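As stored in target.txt (compact mmCIF, C-alpha atoms):
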# COMPACT_ATOMS: atom_id res chain seq x y z
CA MET A 1 149.83 -17.39 -63.06
CA LYS A 2 147.26 -15.36 -61.10
CA CYS A 3 148.40 -12.16 -62.83
CA PHE A 4 148.04 -13.78 -66.24
CA GLU A 5 144.57 -15.07 -65.32
CA ARG A 6 143.52 -11.55 -64.34
CA LEU A 7 144.73 -10.24 -67.68
CA MET A 8 142.73 -12.95 -69.47
CA ARG A 9 139.66 -12.21 -67.37
CA ASP A 10 139.81 -8.50 -68.23
CA HIS A 11 140.36 -9.32 -71.90
CA ILE A 12 137.37 -11.68 -72.00
CA THR A 13 135.15 -9.19 -70.15
CA SER A 14 136.03 -6.39 -72.56
CA SER A 15 134.97 -8.60 -75.48
CA LEU A 16 131.49 -9.32 -74.11
CA PRO A 17 128.31 -7.26 -74.58
CA ALA A 18 127.25 -5.38 -71.43
CA THR A 19 123.69 -6.73 -71.65
CA ILE A 20 124.61 -10.42 -71.52
CA ASP A 21 122.61 -12.28 -68.87
CA SER A 22 121.43 -9.13 -67.07
CA LEU A 23 119.90 -11.15 -64.23
CA GLN A 24 123.23 -12.72 -63.25
CA PHE A 25 124.19 -10.39 -60.40
CA ALA A 26 127.43 -12.07 -59.32
CA TYR A 27 130.97 -11.27 -60.49
CA ARG A 28 129.92 -8.05 -62.18
CA THR A 29 130.75 -4.41 -61.53
CA ASN A 30 128.05 -2.55 -59.61
CA ARG A 31 126.17 -5.76 -58.74
CA SER A 32 125.64 -7.34 -55.34
CA THR A 33 123.25 -9.53 -53.40
CA ASP A 34 121.29 -6.33 -52.69
CA ASP A 35 120.54 -6.01 -56.41
CA ALA A 36 119.47 -9.64 -56.81
CA ILE A 37 117.14 -9.57 -53.79
CA SER A 38 115.73 -6.13 -54.65
CA HIS A 39 114.96 -7.23 -58.20
CA LEU A 40 113.25 -10.42 -57.02
CA LEU A 41 111.15 -8.54 -54.45
CA HIS A 42 110.23 -5.68 -56.79
CA THR A 43 109.16 -8.12 -59.51
CA SER A 44 106.99 -9.95 -57.01
CA LEU A 45 105.51 -6.89 -55.29
CA SER A 46 104.73 -5.15 -58.59
CA HIS A 47 102.72 -8.17 -59.72
CA LEU A 48 100.92 -8.55 -56.39
CA ASP A 49 100.12 -4.83 -56.45
CA THR A 50 98.52 -4.77 -59.89
CA GLY A 51 95.44 -6.90 -59.40
CA ARG A 52 93.38 -8.92 -57.00
CA GLY A 53 93.89 -12.63 -57.12
CA ASN A 54 97.48 -12.40 -58.31
CA TYR A 55 100.11 -14.48 -56.56
CA VAL A 56 103.76 -15.37 -56.98
CA ARG A 57 105.50 -18.73 -57.01
CA MET A 58 109.21 -18.92 -56.28
CA LEU A 59 111.51 -21.88 -56.77
CA PHE A 60 114.89 -21.73 -55.06
CA VAL A 61 117.14 -24.06 -57.01
CA ASP A 62 120.07 -25.96 -55.56
CA TYR A 63 122.69 -27.50 -57.84
CA SER A 64 125.05 -30.29 -56.83
CA SER A 65 128.66 -29.05 -57.24
CA ALA A 66 127.77 -26.74 -60.11
CA PHE A 67 131.32 -25.44 -60.65
CA ASN A 68 132.65 -29.00 -60.87
CA THR A 69 130.25 -30.17 -63.57
CA ILE A 70 131.04 -27.69 -66.35
CA ILE A 71 131.88 -29.42 -69.66
CA PRO A 72 134.77 -27.54 -71.36
CA SER A 73 133.65 -28.52 -74.87
CA LYS A 74 130.18 -27.05 -74.26
CA LEU A 75 131.75 -23.91 -72.81
CA PHE A 76 133.90 -23.65 -75.94
CA THR A 77 130.77 -23.70 -78.11
CA LYS A 78 129.03 -21.06 -76.00
CA LEU A 79 132.04 -18.74 -76.04
CA THR A 80 132.23 -19.09 -79.80
CA ASP A 81 128.53 -18.21 -80.08
CA LEU A 82 129.22 -15.09 -78.00
CA GLY A 83 131.70 -13.93 -80.61
CA LEU A 84 134.98 -14.52 -78.79
CA SER A 85 137.96 -15.19 -81.04
CA SER A 86 138.72 -18.81 -81.91
CA SER A 87 142.25 -18.55 -80.46
CA LEU A 88 140.90 -17.31 -77.12
CA CYS A 89 138.24 -20.04 -77.02
CA GLN A 90 140.87 -22.65 -77.82
CA TRP A 91 143.14 -21.35 -75.04
CA ILE A 92 140.28 -21.63 -72.51
CA LEU A 93 139.51 -25.16 -73.71
CA ASN A 94 143.14 -26.19 -73.29
CA PHE A 95 143.26 -24.49 -69.89
CA LEU A 96 140.32 -26.56 -68.60
CA THR A 97 141.20 -29.97 -70.06
CA ASP A 98 143.74 -32.54 -68.85
CA ARG A 99 144.43 -30.69 -65.62
CA PRO A 100 146.62 -32.80 -63.29
CA GLN A 101 145.38 -33.12 -59.71
CA SER A 102 146.63 -34.95 -56.64
CA VAL A 103 145.91 -34.93 -52.91
CA ARG A 104 148.54 -34.26 -50.27
CA VAL A 105 148.10 -35.25 -46.60
CA GLY A 106 151.16 -34.43 -44.55
CA LYS A 107 154.12 -35.89 -46.41
CA GLN A 108 151.99 -38.36 -48.38
CA VAL A 109 150.97 -37.47 -51.95
CA SER A 110 148.46 -39.45 -53.96
CA PRO A 111 149.04 -40.44 -57.60
CA SER A 112 148.16 -37.69 -60.09
CA ILE A 113 145.05 -37.94 -62.26
CA SER A 114 143.86 -35.76 -65.16
CA LEU A 115 140.58 -33.84 -64.94
CA SER A 116 138.64 -32.51 -67.90
CA THR A 117 135.43 -31.47 -66.14
CA GLY A 118 134.65 -28.38 -64.12
CA VAL A 119 136.65 -25.23 -63.42
CA PRO A 120 139.53 -25.17 -60.90
CA GLN A 121 138.74 -23.87 -57.43
CA GLY A 122 140.49 -20.66 -56.49
CA CYS A 123 141.14 -19.76 -60.10
CA VAL A 124 140.59 -16.09 -61.02
CA LEU A 125 138.84 -17.12 -64.23
CA SER A 126 136.44 -19.66 -62.68
CA PRO A 127 133.62 -17.26 -61.64
CA LEU A 128 133.58 -15.59 -65.05
CA LEU A 129 133.64 -18.90 -66.92
CA TYR A 130 130.75 -20.18 -64.80
CA SER A 131 128.71 -17.07 -65.61
CA LEU A 132 129.38 -17.52 -69.32
CA TYR A 133 128.49 -21.21 -69.13
CA THR A 134 125.07 -20.37 -67.65
CA TYR A 135 124.33 -17.20 -69.65
CA ASP A 136 121.74 -19.02 -71.78
CA CYS A 137 119.78 -20.20 -68.75
CA VAL A 138 117.19 -17.43 -68.98
CA ALA A 139 113.43 -17.12 -68.77
CA THR A 140 111.39 -17.72 -71.91
CA SER A 141 108.18 -16.01 -70.79
CA ASP A 142 107.24 -12.46 -69.80
CA THR A 143 105.56 -13.78 -66.66
CA THR A 144 108.62 -15.63 -65.38
CA SER A 145 112.18 -14.63 -64.53
CA ILE A 146 115.33 -16.45 -63.46
CA VAL A 147 117.35 -14.45 -60.93
CA LYS A 148 120.92 -15.65 -60.41
CA PHE A 149 123.76 -14.84 -58.08
CA ALA A 150 126.51 -17.27 -59.08
CA ASP A 151 124.85 -20.70 -58.63
CA ASP A 152 122.13 -19.40 -56.26
CA THR A 153 119.16 -19.44 -58.62
CA ALA A 154 115.55 -18.41 -58.08
CA VAL A 155 112.76 -18.96 -60.61
CA VAL A 156 109.93 -16.45 -60.13
CA GLY A 157 106.51 -17.06 -61.64
CA LEU A 158 103.91 -14.25 -61.76
CA ILE A 159 100.53 -15.98 -61.67
CA SER A 160 97.28 -14.33 -62.75
CA ASP A 161 93.80 -15.90 -62.98
CA ASN A 162 95.24 -19.04 -61.41
CA ILE A 163 97.01 -19.93 -64.69
CA GLU A 164 100.39 -21.51 -63.94
CA THR A 165 101.13 -22.90 -67.41
CA ALA A 166 104.01 -20.54 -68.19
CA TYR A 167 105.63 -21.06 -64.78
CA LEU A 168 105.46 -24.85 -64.96
CA GLU A 169 106.79 -24.76 -68.52
CA GLU A 170 109.71 -22.63 -67.30
CA ILE A 171 110.55 -25.25 -64.69
CA ARG A 172 110.52 -27.96 -67.37
CA ASN A 173 112.80 -25.81 -69.53
CA LEU A 174 115.19 -25.41 -66.61
CA GLU A 175 115.19 -29.15 -66.02
CA THR A 176 115.95 -29.75 -69.70
CA TRP A 177 118.71 -27.14 -69.66
CA CYS A 178 120.32 -28.85 -66.67
CA GLN A 179 120.28 -32.22 -68.43
CA GLU A 180 121.83 -30.76 -71.58
CA ASN A 181 124.56 -28.94 -69.64
CA ASN A 182 125.50 -31.66 -67.16
CA PHE A 183 124.01 -29.82 -64.15
CA LEU A 184 122.48 -31.98 -61.43
CA LEU A 185 119.53 -30.57 -59.51
CA ASN A 186 119.59 -31.34 -55.80
CA ILE A 187 115.85 -31.83 -55.31
CA SER A 188 116.07 -32.36 -51.54
CA ASN A 189 117.53 -28.85 -51.09
CA THR A 190 115.40 -27.21 -53.79
CA LYS A 191 112.38 -25.49 -52.21
CA LYS A 192 109.27 -23.71 -53.42
CA LEU A 193 107.60 -20.74 -51.77
CA ILE A 194 104.22 -19.21 -52.63
CA VAL A 195 103.35 -15.59 -51.89
CA ASP A 196 99.59 -15.15 -51.98
CA PHE A 197 97.75 -12.39 -50.10
CA THR A 198 94.30 -13.52 -51.23
CA THR A 199 92.19 -14.35 -48.19
CA LYS A 200 88.71 -14.79 -49.65
CA GLN A 201 89.36 -17.97 -51.58
CA ALA A 202 91.34 -21.10 -50.91
CA ARG A 203 93.53 -22.21 -53.78
CA ASN A 204 94.62 -25.63 -54.85
CA TYR A 205 98.14 -25.01 -56.05
CA LYS A 206 99.46 -27.43 -58.61
CA PRO A 207 102.18 -29.69 -57.23
CA LEU A 208 105.69 -29.15 -58.54
CA ILE A 209 107.50 -32.34 -59.52
CA ILE A 210 111.08 -32.41 -60.82
CA SER A 211 112.63 -35.66 -62.05
CA GLY A 212 109.76 -37.59 -60.51
CA THR A 213 110.31 -36.07 -57.06
CA PRO A 214 107.88 -33.55 -55.50
CA VAL A 215 109.47 -30.28 -54.40
CA GLU A 216 108.89 -29.34 -50.77
CA ARG A 217 106.93 -26.17 -50.05
CA VAL A 218 108.32 -23.97 -47.25
CA ASP A 219 106.99 -20.95 -45.37
CA SER A 220 110.35 -19.16 -45.50
CA PHE A 221 113.67 -19.55 -47.27
CA ARG A 222 117.09 -18.01 -46.66
CA TYR A 223 118.13 -16.60 -50.03
CA LEU A 224 121.49 -14.80 -50.25
CA GLY A 225 121.51 -14.24 -46.51
CA VAL A 226 117.95 -12.87 -46.28
CA HIS A 227 114.98 -14.83 -44.93
CA ILE A 228 112.13 -14.44 -47.42
CA THR A 229 108.74 -15.53 -46.04
CA GLN A 230 105.46 -16.35 -47.74
CA GLY A 231 103.98 -13.17 -46.26
CA LEU A 232 106.99 -11.04 -47.24
CA SER A 233 107.33 -9.96 -43.62
CA TRP A 234 110.75 -9.42 -42.09
CA SER A 235 110.31 -10.31 -38.41
CA CYS A 236 111.90 -13.73 -38.89
CA HIS A 237 114.92 -12.22 -40.63
CA ILE A 238 115.29 -9.37 -38.14
CA ASN A 239 115.01 -11.70 -35.14
CA THR A 240 117.89 -13.71 -36.59
CA LEU A 241 119.98 -10.57 -37.04
CA VAL A 242 119.26 -9.30 -33.54
CA LYS A 243 120.17 -12.61 -31.96
CA LYS A 244 123.43 -12.81 -33.88
CA ALA A 245 124.35 -9.20 -33.09
CA ARG A 246 123.59 -9.58 -29.38
CA GLN A 247 125.95 -12.52 -29.16
CA ARG A 248 128.75 -10.28 -30.42
CA LEU A 249 128.07 -7.61 -27.79
CA PHE A 250 129.85 -9.90 -25.32
CA PHE A 251 133.14 -9.41 -27.18
CA LEU A 252 132.61 -5.65 -27.26
CA ARG A 253 132.26 -5.68 -23.47
CA ARG A 254 135.44 -7.69 -23.13
CA LEU A 255 137.36 -5.24 -25.29
CA ARG A 256 136.03 -2.35 -23.20
CA ASP A 257 137.16 -4.11 -20.02
CA PHE A 258 140.67 -4.23 -21.47
CA HIS A 259 140.51 -0.40 -21.75
CA LEU A 260 141.07 -0.30 -25.49
CA PRO A 261 140.82 3.12 -27.21
CA LEU A 262 137.38 4.34 -28.29
CA LYS A 263 138.46 4.27 -31.95
CA VAL A 264 139.23 0.55 -31.70
CA LEU A 265 135.89 -0.15 -30.00
CA LYS A 266 134.01 1.74 -32.72
CA ASN A 267 135.88 -0.11 -35.45
CA PHE A 268 135.05 -3.44 -33.80
CA TYR A 269 131.36 -2.45 -33.55
CA SER A 270 131.27 -1.34 -37.17
CA CYS A 271 132.93 -4.51 -38.48
CA THR A 272 131.25 -7.17 -36.36
CA ILE A 273 127.90 -5.80 -35.12
CA GLU A 274 126.76 -3.00 -37.41
CA SER A 275 127.72 -5.11 -40.44
CA VAL A 276 125.31 -7.81 -39.22
CA LEU A 277 122.44 -5.41 -38.54
CA THR A 278 122.79 -3.63 -41.89
CA ALA A 279 123.47 -6.57 -44.22
CA ASN A 280 121.22 -6.12 -47.30
CA ILE A 281 119.40 -3.40 -45.34
CA CYS A 282 118.07 -1.74 -48.51
CA THR A 283 115.95 -4.79 -49.30
CA TRP A 284 114.10 -5.26 -46.00
CA PHE A 285 114.31 -2.26 -43.65
CA GLY A 286 111.63 -0.22 -45.41
CA ASN A 287 108.95 -2.84 -44.76
CA SER A 288 110.03 -3.68 -41.21
CA THR A 289 107.53 -3.06 -38.41
CA LYS A 290 107.96 -0.52 -35.61
CA GLN A 291 108.62 -3.35 -33.17
CA ASP A 292 111.28 -4.81 -35.45
CA ARG A 293 113.00 -1.42 -35.68
CA ARG A 294 112.89 -1.00 -31.90
CA ASP A 295 114.52 -4.42 -31.49
CA LEU A 296 117.26 -3.45 -33.92
CA GLN A 297 117.85 -0.05 -32.37
CA ARG A 298 117.97 -1.60 -28.91
CA VAL A 299 121.12 -3.45 -29.97
CA VAL A 300 122.65 -0.15 -31.11
CA ARG A 301 121.77 1.49 -27.79
CA SER A 302 123.31 -1.40 -25.89
CA ALA A 303 126.54 -0.91 -27.86
CA GLU A 304 126.42 2.83 -27.15
CA HIS A 305 126.06 2.11 -23.43
CA ILE A 306 129.04 -0.26 -23.52
CA ILE A 307 131.46 2.11 -25.25
CA GLN A 308 129.91 5.32 -23.86
CA SER A 309 129.74 6.97 -27.26
CA GLU A 310 127.10 7.80 -29.87
CA LEU A 311 126.76 5.45 -32.85
CA PRO A 312 124.96 5.87 -36.22
CA ASP A 313 121.27 4.98 -36.09
CA LEU A 314 120.01 2.38 -38.53
CA LEU A 315 117.43 4.63 -40.21
CA SER A 316 120.18 7.05 -41.25
CA ILE A 317 122.29 4.20 -42.59
CA TYR A 318 119.30 2.83 -44.51
CA THR A 319 118.48 6.22 -46.06
CA LYS A 320 122.09 6.85 -47.04
CA ARG A 321 122.54 3.42 -48.60
CA CYS A 322 119.27 3.62 -50.53
CA LYS A 323 120.34 6.87 -52.16
CA SER A 324 123.82 5.55 -52.89
CA LYS A 325 122.48 2.33 -54.42
CA ALA A 326 119.91 4.26 -56.47
CA ARG A 327 122.57 6.56 -57.93
CA LYS A 328 124.73 3.58 -58.92
CA ILE A 329 121.80 1.94 -60.70
CA MET A 330 120.98 5.19 -62.50
CA MET A 331 124.54 5.45 -63.81
CA ASP A 332 124.60 1.84 -65.02
CA LEU A 333 122.61 1.61 -68.25
CA SER A 334 123.04 -2.19 -68.36
CA HIS A 335 121.45 -2.67 -64.94
CA PRO A 336 118.10 -4.49 -65.25
CA ASN A 337 116.40 -1.91 -62.99
CA ASN A 338 117.89 1.18 -64.61
CA GLY A 339 114.60 1.88 -66.41
CA LEU A 340 112.79 2.42 -63.12
CA PHE A 341 114.58 5.75 -62.69
CA SER A 342 113.09 8.05 -65.31
CA LEU A 343 113.20 11.84 -65.08
CA LEU A 344 110.12 14.03 -65.41
CA ARG A 345 109.99 16.69 -68.13
CA SER A 346 111.50 19.22 -65.75
CA GLY A 347 114.64 17.09 -65.61
CA LYS A 348 114.93 17.72 -61.86
CA ARG A 349 112.73 15.05 -60.31
CA PHE A 350 112.13 11.35 -60.97
CA CYS A 351 108.83 9.78 -61.88
CA SER A 352 107.34 8.06 -58.84
CA LEU A 353 106.43 4.40 -59.10
CA LYS A 354 102.76 3.52 -58.78
CA ALA A 355 101.91 1.75 -55.56
CA LYS A 356 98.45 0.72 -54.40
CA THR A 357 99.57 -0.96 -51.19
CA GLU A 358 101.73 0.22 -48.31
CA ARG A 359 103.91 -2.85 -48.80
CA MET A 360 104.81 -1.74 -52.31
CA ARG A 361 105.18 1.91 -51.36
CA ARG A 362 107.70 1.11 -48.62
CA SER A 363 109.81 -1.25 -50.74
CA PHE A 364 113.28 -0.27 -51.97
CA PHE A 365 112.71 1.28 -55.40
CA PRO A 366 109.74 3.55 -54.49
CA GLN A 367 111.59 4.59 -51.32
CA ALA A 368 114.82 5.29 -53.23
CA ILE A 369 113.03 7.48 -55.80
CA ARG A 370 111.29 9.46 -53.05
CA GLY A 371 114.65 9.92 -51.34
CA LEU A 372 116.26 11.23 -54.53
CA ASN A 373 113.37 13.63 -55.12
CA GLN A 374 113.84 15.10 -51.65
CA VAL A 375 117.49 15.97 -52.27
Any chance you could give the structure as structure tokens?
Amino acid sequence: MKCFERLMRDHITSSLPATIDSLQFAYRTNRSTDDAISHLLHTSLSHLDTGRGNYVRMLFVDYSSAFNTIIPSKLFTKLTDLGLSSSLCQWILNFLTDRPQSVRVGKQVSPSISLSTGVPQGCVLSPLLYSLYTYDCVATSDTTSIVKFADDTAVVGLISDNIETAYLEEIRNLETWCQENNFLLNISNTKKLIVDFTTKQARNYKPLIISGTPVERVDSFRYLGVHITQGLSWSCHINTLVKKARQRLFFLRRLRDFHLPLKVLKNFYSCTIESVLTANICTWFGNSTKQDRRDLQRVVRSAEHIIQSELPDLLSIYTKRCKSKARKIMMDLSHPNNGLFSLLRSGKRFCSLKAKTERMRRSFFPQAIRGLNQV
């Protein structure tokens, strides 16, 4: 059955336009959490960099069991609107309706019931069907965007002149979309974050109320594994990484004490410690402080001391990954950030992105373009 589901998934994917829901970064070739976070940060930093008084409002949305609330009949209609053949749409509808399910505990099996809501867990088709079900949940204004990675959704509002009308309207549209598509917003886990570097004037931000419940404002939020703060600083995130990596140094010491080969020790370091320190590194390392980088590198030096061998430094890893990620985006014409990489008339160098602040200049996309121009 899994093999057949993979064939159906590939067939459905080949029938879809490449530009569908460009800000859904999950379950797509050449997309990752790096892309989702980088896009969110670049959108925010570009707006903050363009004018005084600008600020950004972010809403991190939490759905209650999103995969289990999909209505097959609505999915059927959306797939038809996308131009998929009627026979294929009908097969998917039949696949999702009247699915028998029972629970087994030891030797005891519960009576079977039929389910006609949601997509089955562990199914190869489920991620793709979820993406297609939510493809029409998109921003309706040029000053707002909805960034998605599976069901992790962030609504970004670019506010100028203290006018939040478009952003608040986007939230109402999202609330309406959820009601029409049987999605339940978990307000207690939905948080708002405001990035505002204006220091000369105090603002009275409009409260955000969804379904009669005010949304809590937070100073930082962990989105796709990265702690985003209201000051867009990375000390909080890096401190978390350093603490987690240091805990794993204990196991590296134990392996060394068992006199395991150097190759095994390096593999363990790469898989369990370096992977922690470099997770989503393209999105945050460029704007890290000198102290943050020293704290990170201190973990690497500790590992080098344990195994008595040189290890890759984090700056080299960051530079290499930035160039690699930039080249992948350049080759992908459907990527939402592909347009940032434009060649000059010479055809040899890329046009640099304008940056008024050091924060913008050191972010991923300006750094990646400078790196490519130095090759």
Kindly indicate which residue among A:Glu5, A:Leu277, A:Cys123, A:Leu59 lies nearest to Gly157 (chain A), using all atoms listed in the file for the distances.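 Among A:Glu5, A:Leu277, A:Cys123, A:Leu59, it is A:Leu59 that comes nearest to Gly157 (chain A).
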Counting all atoms listed in the file, figure out which residue out of A:Leu129, A:Ile228, A:Leu343, A:Val109 gets nearest to Phe76 (chain A).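 Among A:Leu129, A:Ile228, A:Leu343, A:Val109, it is A:Leu129 that comes nearest to Phe76 (chain A).
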CA of Asn182 (chain A) to CA of Ala66 (chain A), straight-line distance in Å: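 Distance reported for this atom pair: 8.9 Å.
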One-decimal distance in Å that lies between CA of Lys325 (chain A) and CA of Leu16 (chain A):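 Answer for the CA of Leu16 (chain A) to CA of Lys325 (chain A) separation: 24.6 Å.
Interatomic distance, CA of Gln24 (chain A) against CA of Asp81 (chain A): 18.5 Å.
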Fewer than 3 positions away in the same chain doesn't count, so skip those; otherwise give me all residues within 10 Å of Lys354 (chain A), counting only C-alpha atoms, as a PDB file with C-alpha atoms, in the frame of the given file.
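Wrote it out as part-v6.pdb, contents follow:
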ATOM      1  CA  SER A  46     104.730  -5.150 -58.590  1.00  0.00           C
ATOM      2  CA  ASP A  49     100.120  -4.830 -56.450  1.00  0.00           C
ATOM      3  CA  THR A  50      98.520  -4.770 -59.890  1.00  0.00           C
ATOM      4  CA  CYS A 351     108.830   9.780 -61.880  1.00  0.00           C
ATOM      5  CA  THR A 357      99.570  -0.960 -51.190  1.00  0.00           C
ATOM      6  CA  MET A 360     104.810  -1.740 -52.310  1.00  0.00           C
ATOM      7  CA  ARG A 361     105.180   1.910 -51.360  1.00  0.00           C
ATOM      8  CA  PRO A 366     109.740   3.550 -54.490  1.00  0.00           C
TER       9      PRO A 366
END
Select, from A:Ile163, A:Leu184, A:Leu255, A:Leu158, the residue with the minimum atom-to-atom distance to His47 (chain A), counting all atoms listed in the file.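 Among A:Ile163, A:Leu184, A:Leu255, A:Leu158, it is A:Leu158 that comes nearest to His47 (chain A).
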Quick one: residues within 8 Å of region 232-243 of chain A, all atoms listed in the file counted, chain neighbours fewer than 5 positions away excluded, as a PDB file with C-alpha atoms, in the coordinates of the input?
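Output saved as around_5.pdb:
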ATOM      1  CA  VAL A 195     103.350 -15.590 -51.890  1.00  0.00           C
ATOM      2  CA  VAL A 226     117.950 -12.870 -46.280  1.00  0.00           C
ATOM      3  CA  HIS A 227     114.980 -14.830 -44.930  1.00  0.00           C
ATOM      4  CA  VAL A 276     125.310  -7.810 -39.220  1.00  0.00           C
ATOM      5  CA  LEU A 277     122.440  -5.410 -38.540  1.00  0.00           C
ATOM      6  CA  TRP A 284     114.100  -5.260 -46.000  1.00  0.00           C
ATOM      7  CA  ASN A 287     108.950  -2.840 -44.760  1.00  0.00           C
ATOM      8  CA  SER A 288     110.030  -3.680 -41.210  1.00  0.00           C
ATOM      9  CA  THR A 289     107.530  -3.060 -38.410  1.00  0.00           C
ATOM     10  CA  ASP A 292     111.280  -4.810 -35.450  1.00  0.00           C
ATOM     11  CA  ASP A 295     114.520  -4.420 -31.490  1.00  0.00           C
ATOM     12  CA  LEU A 296     117.260  -3.450 -33.920  1.00  0.00           C
ATOM     13  CA  VAL A 299     121.120  -3.450 -29.970  1.00  0.00           C
TER      14      VAL A 299
END
Box time for region 168-174 of chain A: axis-aligned, enclosing all its listed atoms, 6 Å extra on each side; report centre and edge lengths in Å to one decimal, as lines of an AutoDock Vina configuration file.
center_x = 110.3
center_y = -25.3
center_z = -67.1
size_x = 21.7
size_y = 17.3
size_z = 16.8
